[in-house]
>>> print(open('coords-v7.csv').read())   # CSV, C-alpha atoms
chain,number,residue,atom,x,y,z
A,1,MET,CA,0.0,0.0,0.0
A,2,THR,CA,1.3,3.4,-0.9
A,3,ALA,CA,-0.1,6.8,-0.3
A,4,ARG,CA,0.3,10.3,-1.7
A,5,ILE,CA,0.4,13.2,0.7
A,6,GLN,CA,0.0,16.8,-0.2
A,7,LEU,CA,0.4,19.7,2.2
A,8,ILE,CA,-1.1,23.1,1.4
A,9,PRO,CA,0.9,25.2,1.9
A,10,PRO,CA,4.0,23.0,1.9
A,11,ARG,CA,6.0,25.5,4.1
A,12,PRO,CA,3.6,27.0,6.5
A,13,LYS,CA,4.2,29.7,9.1
A,14,ARG,CA,3.7,28.8,12.8
A,15,GLY,CA,0.1,29.0,13.6
A,16,GLU,CA,-1.1,28.7,10.0
A,17,ILE,CA,-3.8,26.2,9.2
A,18,ILE,CA,-2.5,23.6,6.8
A,19,GLU,CA,-4.6,21.4,4.5
A,20,ILE,CA,-3.5,17.8,4.3
A,21,ARG,CA,-4.6,15.7,1.4
A,22,VAL,CA,-3.9,12.0,1.3
A,23,LEU,CA,-4.8,9.4,-1.4
A,24,ILE,CA,-4.2,5.8,-0.2
A,25,GLN,CA,-3.9,2.9,-2.6
A,26,HIS,CA,-6.4,0.4,-1.4
A,27,ASN,CA,-9.2,-1.6,-3.0
A,28,MET,CA,-11.6,-1.1,-0.1
A,29,GLU,CA,-13.2,-4.4,-0.9
A,30,THR,CA,-16.8,-4.1,0.2
A,31,GLY,CA,-17.5,-7.8,0.8
A,32,TYR,CA,-20.5,-7.7,-1.5
A,33,ARG,CA,-18.7,-8.6,-4.7
A,34,THR,CA,-18.5,-12.1,-6.1
A,35,ASP,CA,-15.7,-13.7,-8.0
A,36,ALA,CA,-15.8,-15.6,-11.3
A,37,VAL,CA,-16.9,-18.9,-9.7
A,38,GLY,CA,-19.6,-17.2,-7.5
A,39,GLY,CA,-17.8,-17.0,-4.2
A,40,VAL,CA,-18.0,-13.9,-2.2
A,41,ILE,CA,-14.8,-11.8,-2.1
A,42,PRO,CA,-14.3,-11.1,1.6
A,43,ARG,CA,-14.5,-7.6,2.9
A,44,ASN,CA,-11.2,-5.8,3.3
A,45,CYS,CA,-11.4,-2.1,3.9
A,46,ILE,CA,-9.2,0.4,5.7
A,47,ASN,CA,-11.1,0.7,9.0
A,48,VAL,CA,-9.0,3.1,10.9
A,49,PHE,CA,-6.8,6.0,9.8
A,50,SER,CA,-4.7,8.2,12.0
A,51,CYS,CA,-2.5,11.3,11.5
A,52,ARG,CA,0.2,12.0,14.0
A,53,TYR,CA,2.1,15.3,14.1
A,54,ASN,CA,5.5,14.7,15.8
A,55,GLY,CA,4.0,11.8,17.6
A,56,ALA,CA,0.8,13.5,18.8
A,57,GLU,CA,-2.5,12.4,17.1
A,58,VAL,CA,-4.2,15.3,15.5
A,59,PHE,CA,-6.8,13.5,13.4
A,60,ARG,CA,-8.4,10.1,13.4
A,61,ALA,CA,-10.9,8.6,11.1
A,62,GLU,CA,-13.0,5.4,11.1
A,63,LEU,CA,-13.8,4.3,7.6
A,64,SER,CA,-16.1,1.7,6.2
A,65,PRO,CA,-17.0,0.1,2.8
A,66,GLY,CA,-19.0,3.3,2.3
A,67,ILE,CA,-15.7,5.1,1.5
A,68,SER,CA,-14.6,4.8,-2.1
A,69,ALA,CA,-11.7,2.6,-3.3
A,70,ASN,CA,-8.4,4.3,-3.1
A,71,PRO,CA,-9.6,6.4,-0.2
A,72,PHE,CA,-9.1,10.2,-0.4
A,73,LEU,CA,-9.1,12.3,2.7
A,74,GLN,CA,-8.7,16.0,3.1
A,75,PHE,CA,-8.4,17.5,6.6
A,76,TYR,CA,-6.7,20.3,8.4
A,77,THR,CA,-4.3,20.9,11.2
A,78,VAL,CA,-2.5,23.8,12.7
A,79,ALA,CA,1.3,24.1,11.9
A,80,GLU,CA,3.2,24.3,15.2
A,81,THR,CA,6.8,23.0,15.0
A,82,SER,CA,8.8,21.6,12.2
A,83,GLY,CA,8.9,17.8,12.1
A,84,GLU,CA,7.1,14.9,10.6
A,85,LEU,CA,3.5,14.1,9.9
A,86,GLU,CA,2.9,10.3,10.1
A,87,LEU,CA,-0.3,9.1,8.4
A,88,SER,CA,-1.0,5.5,9.3
A,89,TRP,CA,-3.9,3.1,8.7
A,90,MET,CA,-5.0,-0.4,9.2
A,91,ASP,CA,-7.4,-2.6,7.2
A,92,ASP,CA,-9.7,-5.4,8.1
A,93,GLN,CA,-7.1,-8.1,7.4
A,94,GLY,CA,-4.8,-6.4,9.9
A,95,ARG,CA,-2.3,-5.0,7.4
A,96,GLN,CA,-0.9,-1.8,8.7
A,97,ASP,CA,0.9,0.8,6.7
A,98,SER,CA,2.0,4.4,7.0
A,99,GLU,CA,3.4,7.3,5.1
A,100,ARG,CA,5.4,10.2,6.3
A,101,ALA,CA,5.6,13.8,5.2
A,102,ARG,CA,8.1,16.3,6.4
A,103,ILE,CA,6.7,19.6,7.6
A,104,VAL,CA,8.9,22.7,7.7
A,105,VAL,CA,7.4,25.5,9.8
A,106,SER,CA,8.8,29.0,9.6
A,107,GLU,CA,8.4,31.5,12.3
B,1,MET,CA,-70.0,-15.1,-24.9
B,2,LYS,CA,-66.5,-15.5,-26.2
B,3,ARG,CA,-66.0,-11.8,-26.8
B,4,LEU,CA,-67.0,-10.9,-23.3
B,5,GLN,CA,-64.6,-13.5,-21.8
B,6,ARG,CA,-61.8,-12.1,-24.0
B,7,ARG,CA,-62.6,-8.5,-22.9
B,8,GLY,CA,-62.6,-9.5,-19.3
B,9,PHE,CA,-59.3,-11.3,-19.8
B,10,LEU,CA,-57.7,-8.2,-21.5
B,11,ALA,CA,-58.9,-5.9,-18.8
B,12,GLY,CA,-57.4,-8.2,-16.2
B,13,LEU,CA,-54.1,-8.2,-18.2
B,14,ALA,CA,-54.1,-4.4,-18.3
B,15,GLY,CA,-54.6,-4.3,-14.5
B,16,MET,CA,-51.6,-6.6,-14.1
B,17,ILE,CA,-49.4,-4.4,-16.2
B,18,ALA,CA,-50.2,-1.4,-14.0
B,19,LEU,CA,-49.0,-3.2,-10.9
B,20,PRO,CA,-45.2,-3.3,-11.5
B,21,ALA,CA,-44.9,0.5,-11.5
B,22,THR,CA,-46.2,0.8,-8.0
B,23,TRP,CA,-44.3,-2.3,-6.9
B,24,SER,CA,-40.9,-0.9,-7.9
B,25,THR,CA,-41.4,2.5,-6.1
B,26,GLY,CA,-42.6,0.6,-3.1
B,27,VAL,CA,-39.3,-1.4,-3.0
B,28,VAL,CA,-37.3,1.8,-3.2
B,29,ALA,CA,-39.3,3.4,-0.4
B,30,GLN,CA,-38.6,0.3,1.7
B,31,GLN,CA,-34.9,0.4,1.0
B,32,LEU,CA,-34.6,4.0,2.4
B,33,ARG,CA,-34.3,3.6,6.2
B,34,SER,CA,-35.0,6.1,8.8
B,35,VAL,CA,-31.7,7.5,10.4
B,36,GLU,CA,-33.5,8.5,13.6
B,37,PRO,CA,-32.6,5.3,15.6
B,38,LEU,CA,-28.9,5.7,14.6
B,39,LEU,CA,-28.9,9.4,15.5
B,40,LEU,CA,-30.5,8.8,18.9
B,41,ALA,CA,-28.0,6.0,19.6
B,42,LEU,CA,-25.2,8.3,18.7
B,43,THR,CA,-26.4,11.1,21.0
B,44,ASN,CA,-27.8,9.0,23.8
B,45,GLY,CA,-31.2,10.3,23.2
B,46,VAL,CA,-30.3,14.0,22.9
B,47,PRO,CA,-32.1,15.5,19.9
B,48,VAL,CA,-29.9,16.5,17.0
B,49,ARG,CA,-30.5,20.1,15.7
B,50,LYS,CA,-30.2,21.1,12.1
B,51,GLY,CA,-27.6,23.8,11.5
B,52,ARG,CA,-23.9,24.8,11.9
B,53,VAL,CA,-23.0,21.8,9.7
B,54,THR,CA,-22.8,22.1,5.9
B,55,LEU,CA,-22.8,18.9,3.9
B,56,ASP,CA,-21.6,19.5,0.3
B,57,LEU,CA,-22.8,16.8,-2.0
B,58,PRO,CA,-23.7,17.1,-5.7
B,59,GLN,CA,-27.4,16.8,-6.5
B,60,LEU,CA,-26.7,14.2,-9.1
B,61,ALA,CA,-23.9,11.7,-9.3
B,62,ASP,CA,-23.2,9.8,-12.5
B,63,ASN,CA,-21.2,7.1,-10.7
B,64,GLY,CA,-22.0,6.1,-7.2
B,65,ASN,CA,-18.6,4.5,-6.7
B,66,ALA,CA,-16.8,7.7,-6.0
B,67,VAL,CA,-18.8,10.8,-5.0
B,68,LEU,CA,-16.9,13.8,-3.6
B,69,LEU,CA,-18.3,14.8,-0.3
B,70,LYS,CA,-17.3,17.8,1.8
B,71,VAL,CA,-18.5,18.5,5.3
B,72,SER,CA,-17.7,21.6,7.3
B,73,VAL,CA,-18.8,22.8,10.7
B,74,GLU,CA,-18.8,26.4,11.9
B,75,SER,CA,-16.6,26.4,15.0
B,76,PRO,CA,-13.7,28.4,16.3
B,77,MET,CA,-11.8,25.1,17.0
B,78,SER,CA,-10.3,26.5,20.2
B,79,ALA,CA,-9.5,24.5,23.3
B,80,THR,CA,-12.8,25.3,24.8
B,81,HIS,CA,-15.1,25.3,21.7
B,82,HIS,CA,-14.4,22.8,19.1
B,83,VAL,CA,-15.8,19.9,17.1
B,84,LYS,CA,-15.1,16.6,18.7
B,85,SER,CA,-16.3,14.4,15.9
B,86,ILE,CA,-18.2,14.3,12.6
B,87,HIS,CA,-20.2,11.3,11.6
B,88,LEU,CA,-21.5,10.4,8.1
B,89,ILE,CA,-24.7,8.3,7.9
B,90,SER,CA,-26.4,6.8,4.9
B,91,ASN,CA,-30.0,5.8,4.8
B,92,ARG,CA,-29.6,3.3,2.0
B,93,ASN,CA,-26.1,1.9,2.0
B,94,PRO,CA,-25.8,-1.6,3.5
B,95,VAL,CA,-23.4,-0.1,6.1
B,96,ALA,CA,-25.3,2.9,7.5
B,97,GLU,CA,-22.3,4.5,9.3
B,98,MET,CA,-20.1,5.6,6.4
B,99,ALA,CA,-17.3,7.2,8.4
B,100,ASN,CA,-16.5,8.9,11.7
B,101,PHE,CA,-13.9,11.7,11.9
B,102,TYR,CA,-12.3,12.7,15.2
B,103,LEU,CA,-11.1,16.3,15.5
B,104,GLY,CA,-9.7,18.5,18.3
B,105,PRO,CA,-8.4,21.9,19.1
B,106,ARG,CA,-5.3,21.2,17.0
B,107,THR,CA,-7.4,20.8,13.9
B,108,GLY,CA,-7.7,24.4,13.0
B,109,ARG,CA,-10.7,24.1,10.6
B,110,ALA,CA,-13.6,21.6,11.0
B,111,GLN,CA,-13.7,20.6,7.4
B,112,ILE,CA,-13.3,17.1,5.9
B,113,ALA,CA,-13.5,16.0,2.3
B,114,THR,CA,-13.6,12.5,1.1
B,115,ARG,CA,-15.0,10.3,-1.6
B,116,VAL,CA,-17.9,8.0,-0.8
B,117,ARG,CA,-19.7,5.0,-2.3
B,118,LEU,CA,-23.5,5.4,-2.7
B,119,ALA,CA,-25.7,2.4,-3.2
B,120,GLY,CA,-28.4,4.3,-5.0
B,121,SER,CA,-30.3,7.6,-4.7
B,122,GLN,CA,-30.6,8.5,-1.0
B,123,THR,CA,-30.1,11.2,1.6
B,124,VAL,CA,-26.7,11.4,3.4
B,125,THR,CA,-26.6,12.9,6.9
B,126,ALA,CA,-23.6,14.5,8.6
B,127,VAL,CA,-23.7,14.8,12.4
B,128,ALA,CA,-21.3,16.9,14.4
B,129,VAL,CA,-20.6,16.4,18.0
B,130,LEU,CA,-19.3,19.6,19.7
B,131,SER,CA,-17.2,19.9,22.8
B,132,ASP,CA,-20.1,21.6,24.6
B,133,GLY,CA,-22.1,18.4,24.3
B,134,SER,CA,-24.4,19.7,21.5
B,135,PHE,CA,-25.3,17.8,18.4
B,136,TRP,CA,-25.8,19.4,15.0
B,137,MET,CA,-26.6,17.9,11.6
B,138,ASP,CA,-27.1,18.6,7.9
B,139,SER,CA,-28.5,16.2,5.3
B,140,ALA,CA,-28.3,16.3,1.5
B,141,PRO,CA,-30.3,14.3,-0.9
B,142,ILE,CA,-28.5,12.9,-4.0
B,143,VAL,CA,-29.7,11.1,-7.1
B,144,VAL,CA,-27.3,8.4,-8.2
B,145,THR,CA,-27.4,7.3,-11.8
B,146,LEU,CA,-25.2,4.3,-11.6
B,147,SER,CA,-25.4,2.9,-8.1
B,148,SER,CA,-22.4,1.3,-6.4
B,149,CYS,CA,-24.2,-2.0,-6.6
B,150,LEU,CA,-24.1,-4.7,-4.0
B,151,ASP,CA,-23.4,-7.4,-6.5
B,152,GLU,CA,-21.1,-5.5,-8.9
B,153,SER,CA,-18.3,-7.5,-10.3
>>> encode(input="coords-v7.csv", output="structure tokens")
Amino acid sequence: MTARIQLIPPRPKRGEIIEIRVLIQHNMETGYRTDAVGGVIPRNCINVFSCRYNGAEVFRAELSPGISANPFLQFYTVAETSGELELSWMDDQGRQDSERARIVVSE
Amino acid sequence: MKRLQRRGFLAGLAGMIALPATWSTGVVAQQLRSVEPLLLALTNGVPVRKGRVTLDLPQLADNGNAVLLKVSVESPMSATHHVKSIHLISNRNPVAEMANFYLGPRTGRAQIATRVRLAGSQTVTAVAVLSDGSFWMDSAPIVVTLSSCLDES
């Protein structure tokens, strides 16, 4: 699983609200589809998503099959100190993945 | 004698053809659930007020597999007054709770955008839980041309 992260603006000032966009590569299998021989393809969706800013959680989301495949999320956080944004998620099968983005905050 | 029998038979046939139209709308009406029970369970019985939340959803979606949805809540997002969580509820999808988003004072702006799957024309509801314990909601109806089918392969 890979993800694309976009920060707007990429170099914020301290106290500025930054927009975080993430696009995760994941089928988000609903569990309602059937394969060629008629068996049900089991459900496998990202069920929990978390964004940590220098270790502190600033955003959490619980997703479901109601979220489209290759989930897209756009949320906000306040730029405080320079460091790292770690976006992590786990799916129904227990696979965990994460993606990091550097954040450079100017005074 | 024969002509009367045939006329009666044809009248009966016409009556039968009229039935399917009402039958199909009845099925759709049954598929749309009430979100009231889910809202009351979420708020522990506290009534949810309409307002402060803006749910942006197109009026018509060509493809129900990926519909852009934006929800925003008017809130200063300060330590004392902020949005704690936003919940998206569908009244037609097999899974009613589409997503839950948890925010806090460090969020800055109570606005989330995502892409959702919609299993047919329905009304999506967004509920916001505020730090002062109040519940606010907005709902938006949407017509979906190609539903994200339950048995799509």
>>> interface_residues(input="coords-v7.csv", of="chain B", to="chain A", cutoff="6 Å", atoms="all atoms listed in the file", output="list in words")
Ala66, Met98, Ala99, Asn100, Phe101, Tyr102, Leu103, Arg106, Thr107, Gly108, Arg109, Ile112, Ala113, Thr114, Arg115, Val116, Arg117, Leu150, Asp151, Glu152 and Ser153 of chain B
>>> write_last_selection(input="coords-v7.csv", atoms="C-alpha atoms", output="CSV table (one decimal), in the frame of the given file")
chain,number,residue,atom,x,y,z
B,66,ALA,CA,-16.8,7.7,-6.0
B,98,MET,CA,-20.1,5.6,6.4
B,99,ALA,CA,-17.3,7.2,8.4
B,100,ASN,CA,-16.5,8.9,11.7
B,101,PHE,CA,-13.9,11.7,11.9
B,102,TYR,CA,-12.3,12.7,15.2
B,103,LEU,CA,-11.1,16.3,15.5
B,106,ARG,CA,-5.3,21.2,17.0
B,107,THR,CA,-7.4,20.8,13.9
B,108,GLY,CA,-7.7,24.4,13.0
B,109,ARG,CA,-10.7,24.1,10.6
B,112,ILE,CA,-13.3,17.1,5.9
B,113,ALA,CA,-13.5,16.0,2.3
B,114,THR,CA,-13.6,12.5,1.1
B,115,ARG,CA,-15.0,10.3,-1.6
B,116,VAL,CA,-17.9,8.0,-0.8
B,117,ARG,CA,-19.7,5.0,-2.3
B,150,LEU,CA,-24.1,-4.7,-4.0
B,151,ASP,CA,-23.4,-7.4,-6.5
B,152,GLU,CA,-21.1,-5.5,-8.9
B,153,SER,CA,-18.3,-7.5,-10.3
>>> closest_residue(input="coords-v7.csv", among="A:Thr2, A:Gln25, A:Gly83, A:Ser88", to="Arg102 (chain A)", atoms="only C-alpha atoms")
A:Gly83
>>> residues_around(input="coords-v7.csv", residues="region 44-61 of chain B", least_positions_apart="5", cutoff="8 Å", atoms="only C-alpha atoms", output="VMD selection string")
chain B and resid 39 67 to 74 125 to 128 134 to 146
>>> atom_distance(input="coords-v7.csv", atom1="CA of Leu130 (chain B)", atom2="CA of Leu38 (chain B)")
17.6 Å
>>> atom_distance(input="coords-v7.csv", atom1="CA of Asn93 (chain B)", atom2="CA of Ala119 (chain B)")
5.2 Å
>>> atom_distance(input="coords-v7.csv", atom1="CA of Glu36 (chain B)", atom2="CA of Val83 (chain B)")
21.3 Å
>>> closest_residue(input="coords-v7.csv", among="A:Arg95, A:Arg4, A:His26, A:Arg100", to="Arg52 (chain A)", atoms="all atoms listed in the file")
A:Arg100
>>> closest_residue(input="coords-v7.csv", among="A:Cys51, A:Met28, A:Ile5, A:Ile46", to="Ala101 (chain A)", atoms="only C-alpha atoms")
A:Ile5
>>> decode(input="coords-v7.csv", residues="region 1-88 of chain A", atoms="C-alpha atoms", output="mmCIF file, in the first residue's frame")
data_model
loop_
_atom_site.group_PDB
_atom_site.id
_atom_site.type_symbol
_atom_site.label_atom_id
_atom_site.label_comp_id
_atom_site.auth_asym_id
_atom_site.auth_seq_id
_atom_site.Cartn_x
_atom_site.Cartn_y
_atom_site.Cartn_z
ATOM 1 C CA MET A 1 0.000 0.000 0.000
ATOM 2 C CA THR A 2 1.303 3.407 -0.920
ATOM 3 C CA ALA A 3 -0.085 6.828 -0.348
ATOM 4 C CA ARG A 4 0.344 10.293 -1.733
ATOM 5 C CA ILE A 5 0.367 13.179 0.684
ATOM 6 C CA GLN A 6 0.002 16.824 -0.184
ATOM 7 C CA LEU A 7 0.417 19.708 2.235
ATOM 8 C CA ILE A 8 -1.050 23.082 1.384
ATOM 9 C CA PRO A 9 0.937 25.248 1.911
ATOM 10 C CA PRO A 10 4.032 23.010 1.924
ATOM 11 C CA ARG A 11 6.015 25.465 4.055
ATOM 12 C CA PRO A 12 3.598 27.021 6.505
ATOM 13 C CA LYS A 13 4.197 29.676 9.101
ATOM 14 C CA ARG A 14 3.732 28.843 12.759
ATOM 15 C CA GLY A 15 0.058 28.983 13.649
ATOM 16 C CA GLU A 16 -1.111 28.722 10.046
ATOM 17 C CA ILE A 17 -3.806 26.197 9.214
ATOM 18 C CA ILE A 18 -2.497 23.617 6.797
ATOM 19 C CA GLU A 19 -4.590 21.441 4.540
ATOM 20 C CA ILE A 20 -3.529 17.820 4.344
ATOM 21 C CA ARG A 21 -4.644 15.699 1.422
ATOM 22 C CA VAL A 22 -3.941 12.002 1.275
ATOM 23 C CA LEU A 23 -4.758 9.409 -1.358
ATOM 24 C CA ILE A 24 -4.184 5.830 -0.234
ATOM 25 C CA GLN A 25 -3.905 2.940 -2.640
ATOM 26 C CA HIS A 26 -6.397 0.356 -1.373
ATOM 27 C CA ASN A 27 -9.203 -1.620 -3.000
ATOM 28 C CA MET A 28 -11.622 -1.077 -0.106
ATOM 29 C CA GLU A 29 -13.224 -4.424 -0.882
ATOM 30 C CA THR A 30 -16.835 -4.143 0.219
ATOM 31 C CA GLY A 31 -17.515 -7.795 0.849
ATOM 32 C CA TYR A 32 -20.504 -7.738 -1.491
ATOM 33 C CA ARG A 33 -18.729 -8.583 -4.717
ATOM 34 C CA THR A 34 -18.540 -12.117 -6.133
ATOM 35 C CA ASP A 35 -15.692 -13.671 -8.041
ATOM 36 C CA ALA A 36 -15.837 -15.587 -11.334
ATOM 37 C CA VAL A 37 -16.937 -18.850 -9.692
ATOM 38 C CA GLY A 38 -19.602 -17.231 -7.520
ATOM 39 C CA GLY A 39 -17.782 -17.041 -4.219
ATOM 40 C CA VAL A 40 -18.013 -13.875 -2.180
ATOM 41 C CA ILE A 41 -14.841 -11.771 -2.129
ATOM 42 C CA PRO A 42 -14.311 -11.096 1.575
ATOM 43 C CA ARG A 43 -14.529 -7.579 2.943
ATOM 44 C CA ASN A 44 -11.234 -5.790 3.349
ATOM 45 C CA CYS A 45 -11.413 -2.075 3.930
ATOM 46 C CA ILE A 46 -9.214 0.373 5.743
ATOM 47 C CA ASN A 47 -11.138 0.682 8.995
ATOM 48 C CA VAL A 48 -8.973 3.121 10.939
ATOM 49 C CA PHE A 49 -6.799 6.027 9.821
ATOM 50 C CA SER A 50 -4.682 8.241 12.020
ATOM 51 C CA CYS A 51 -2.510 11.307 11.518
ATOM 52 C CA ARG A 52 0.242 12.037 14.015
ATOM 53 C CA TYR A 53 2.084 15.328 14.118
ATOM 54 C CA ASN A 54 5.467 14.730 15.795
ATOM 55 C CA GLY A 55 3.953 11.797 17.618
ATOM 56 C CA ALA A 56 0.757 13.464 18.812
ATOM 57 C CA GLU A 57 -2.468 12.351 17.148
ATOM 58 C CA VAL A 58 -4.201 15.298 15.495
ATOM 59 C CA PHE A 59 -6.755 13.481 13.386
ATOM 60 C CA ARG A 60 -8.422 10.083 13.401
ATOM 61 C CA ALA A 61 -10.949 8.567 11.066
ATOM 62 C CA GLU A 62 -12.960 5.362 11.138
ATOM 63 C CA LEU A 63 -13.782 4.297 7.620
ATOM 64 C CA SER A 64 -16.141 1.696 6.183
ATOM 65 C CA PRO A 65 -16.981 0.142 2.816
ATOM 66 C CA GLY A 66 -18.957 3.350 2.298
ATOM 67 C CA ILE A 67 -15.715 5.120 1.479
ATOM 68 C CA SER A 68 -14.600 4.774 -2.142
ATOM 69 C CA ALA A 69 -11.720 2.597 -3.290
ATOM 70 C CA ASN A 70 -8.354 4.341 -3.087
ATOM 71 C CA PRO A 71 -9.610 6.434 -0.187
ATOM 72 C CA PHE A 72 -9.125 10.153 -0.405
ATOM 73 C CA LEU A 73 -9.094 12.264 2.722
ATOM 74 C CA GLN A 74 -8.690 15.983 3.133
ATOM 75 C CA PHE A 75 -8.429 17.463 6.599
ATOM 76 C CA TYR A 76 -6.711 20.308 8.420
ATOM 77 C CA THR A 77 -4.275 20.860 11.226
ATOM 78 C CA VAL A 78 -2.462 23.817 12.725
ATOM 79 C CA ALA A 79 1.257 24.144 11.942
ATOM 80 C CA GLU A 80 3.203 24.298 15.181
ATOM 81 C CA THR A 81 6.761 23.032 15.007
ATOM 82 C CA SER A 82 8.811 21.566 12.198
ATOM 83 C CA GLY A 83 8.907 17.840 12.111
ATOM 84 C CA GLU A 84 7.051 14.947 10.639
ATOM 85 C CA LEU A 85 3.486 14.055 9.866
ATOM 86 C CA GLU A 86 2.897 10.333 10.060
ATOM 87 C CA LEU A 87 -0.280 9.095 8.421
ATOM 88 C CA SER A 88 -1.029 5.490 9.302
#
